[in-house]
Each structure stands twice: as C-alpha cells, then as structure tokens.
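J.: Before I ask anything, here is the structure I am working with.
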Amino acid sequence: MMNITLVAPSLSSVDMLLDLVEELFEYEVLPQKIEQTNQAIHQLISNPELGQAWLIEIEQDGEKLIAGHIIISYSFSLEHGGRIGLIDQFYLKPEWRQQGIGTDLMPQIEYHVTQAGLHALSLEVNIGNAAARSFYEKHGFVPRRQFCMMTKVIKPEEMPLNIAS
C-alpha cells in the first residue's frame, strides 16, 4: 500500500526539485537552462502568488521517497471568471509510472488549486504523447482543438531602449 502526498518544497529541498526538473527536461529533450531554471524555482517558492510547486512523496513500507514533482503557475482569465492555473510540469520518474499515482494525485491537485481560488486548470501536452493525452482526458481535461498554444520568448536585452519612455 502506497501513501502519496504532495509536499511543498522548502528552501532546503530546492536542490531535489531542481534535479527533478533537469530529469524532465532531459526526458522531454528540452534545452537545459540551469541558471534560469534555478532562479525561476527560487522566485516561485519565494512568491506564492505566482504559483505552487510540490514534490510527490511516496511512503511505502515505512520509507519516504520522492517520485516526482508538479509545478502550477497562476494566471487570470476573463473567460473562466478569474484566477486560473497552468500545469507547467507534472513529472513522475519512469520507475513510478503506470501505477495509478497520477490518478491518486489529480483529486489532491484539484483540492489544492480550489483552495488557492482557481477556477480552471490548463496544461500543454505533446500532441504525440497519446498516453498523457488519454490520462488527462480521463481526468476531465478537454482538448480545445480550435485553439493553438503559441509562445514567443521575450528577451529584455533585445528590446529597443526608447519604448519604455
């Protein structure tokens, strides 16, 4: 029997969270920007209005292990009537997958975000990741096929100097 808990990281467990984020980036073959990620995680933990991070702790046979992490960033939506969340990362180490952990965690996540005043949760999933898409659909997430998530990286050093005035 496993006991699965979401544990908010403290400044002392930030390194563990950073290691998990690096594992996720490797798994998803995303570019590693370790210094930028480190700063962002410290900013998130120091500013709860930005979002919430959790370590996924599993207690099994009296032993507590960290199996992954979840990061939700907060935003605002008129369409949804207020504060919403974006699941920025939901990562389980490979050896913990396919054991019902995500299914156990979804109600805990929904409870926590409801307590934080969120009206909706969104996420990005790789279009080729059928297993992840199926998992999220099973938990009530609806693909918004008429929408296309678009991103532009903004670099302060590339902004023209005369705009701010």
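Residues are named by chain letter and number: chains run A, B, ... in the order of the structure tokens, numbers start at 1 in each chain, and ligands are numbered from 1 in the order shown.
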Which residues are close to Trp96 in chain A, i.e. within 10 Å by only C-alpha atoms, leaving aside same-chain residues fewer than 6 positions away? Reply as a PyMOL selection string.

T.: chain A and resi 58+66-68+102

J.: Using only C-alpha atoms, which residues sit within 9 Å of Leu24 in chain A once same-chain residues fewer than 6 positions away are excluded, as a PDB file with N, CA and C atoms, in the first residue's frame?

T.:
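Output file result23.pdb is given in full below:
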```pdb
ATOM      1  N   LEU A  30      14.271  18.933 -23.870  1.00  0.00           N
ATOM      2  CA  LEU A  30      14.161  20.395 -23.872  1.00  0.00           C
ATOM      3  C   LEU A  30      15.529  20.983 -23.565  1.00  0.00           C
ATOM      4  N   GLN A  89       4.521  21.745 -15.107  1.00  0.00           N
ATOM      5  CA  GLN A  89       5.240  20.474 -15.133  1.00  0.00           C
ATOM      6  C   GLN A  89       4.518  19.475 -14.238  1.00  0.00           C
ATOM      7  N   PHE A  90       4.415  18.253 -14.722  1.00  0.00           N
ATOM      8  CA  PHE A  90       3.896  17.137 -13.919  1.00  0.00           C
ATOM      9  C   PHE A  90       4.800  15.973 -14.293  1.00  0.00           C
ATOM     10  N   TYR A  91       5.722  15.631 -13.424  1.00  0.00           N
ATOM     11  CA  TYR A  91       6.751  14.651 -13.761  1.00  0.00           C
ATOM     12  C   TYR A  91       6.793  13.532 -12.733  1.00  0.00           C
ATOM     13  N   LEU A  92       6.721  12.318 -13.220  1.00  0.00           N
ATOM     14  CA  LEU A  92       6.967  11.131 -12.402  1.00  0.00           C
ATOM     15  C   LEU A  92       8.194  10.441 -12.958  1.00  0.00           C
ATOM     16  N   LYS A  93       9.109  10.054 -12.068  1.00  0.00           N
ATOM     17  CA  LYS A  93      10.276   9.289 -12.518  1.00  0.00           C
ATOM     18  C   LYS A  93       9.770   8.016 -13.212  1.00  0.00           C
TER      19      LYS A  93
END
```

J.: To one decimal place in Å, what is the distance between CA of Ile109 in chain A and CA of Gly62 in chain A?

T.: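 About the pair CA of Ile109 in chain A and CA of Gly62 in chain A: they are 23.8 Å apart.
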
J.: Taking only C-alpha atoms into account, which of A:Asn38, A:Gln146, A:Asn126, A:Ser46 comes nearest Asp19 in chain A?

T.: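 Among the listed residues, A:Asn38 lies closest to Asp19 in chain A.
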
J.: Using only C-alpha atoms, which residues of range 29-136 of chain A come within 10 Å of range 8-12 of chain A, and what is the closest atom pair for each, with the distance in Å to one decimal? Give it as CSV, sorted by chain and residue number.

T.:
```
residue,atom,partner,partner_atom,distance
A:Ile41,CA,A:Leu11,CA,9.9
A:His42,CA,A:Leu11,CA,7.9
A:Ile45,CA,A:Pro9,CA,7.6
A:Ser46,CA,A:Leu11,CA,8.9
A:Gln52,CA,A:Ala8,CA,7.7
A:Ala53,CA,A:Ala8,CA,6.1
A:Trp54,CA,A:Ala8,CA,4.5
A:Leu55,CA,A:Ala8,CA,6.2
A:Ile56,CA,A:Ala8,CA,9.0
A:His69,CA,A:Pro9,CA,9.6
A:Ile70,CA,A:Ala8,CA,9.7
```

J.: Emit the selected residues as a compact mmCIF listing (two decimals), in the first residue's frame, including C-alpha atoms.

T.:
```
# COMPACT_ATOMS: atom_id res chain seq x y z
CA ILE A 41 12.23 27.98 -8.94
CA HIS A 42 13.55 30.24 -6.17
CA ILE A 45 8.95 29.35 -3.87
CA SER A 46 9.52 32.88 -2.53
CA GLN A 52 2.81 26.37 -6.41
CA ALA A 53 5.38 23.61 -6.63
CA TRP A 54 5.09 20.23 -4.95
CA LEU A 55 7.34 17.24 -4.54
CA ILE A 56 5.46 13.95 -4.96
CA HIS A 69 7.10 16.89 -8.90
CA ILE A 70 4.29 19.16 -10.03
```
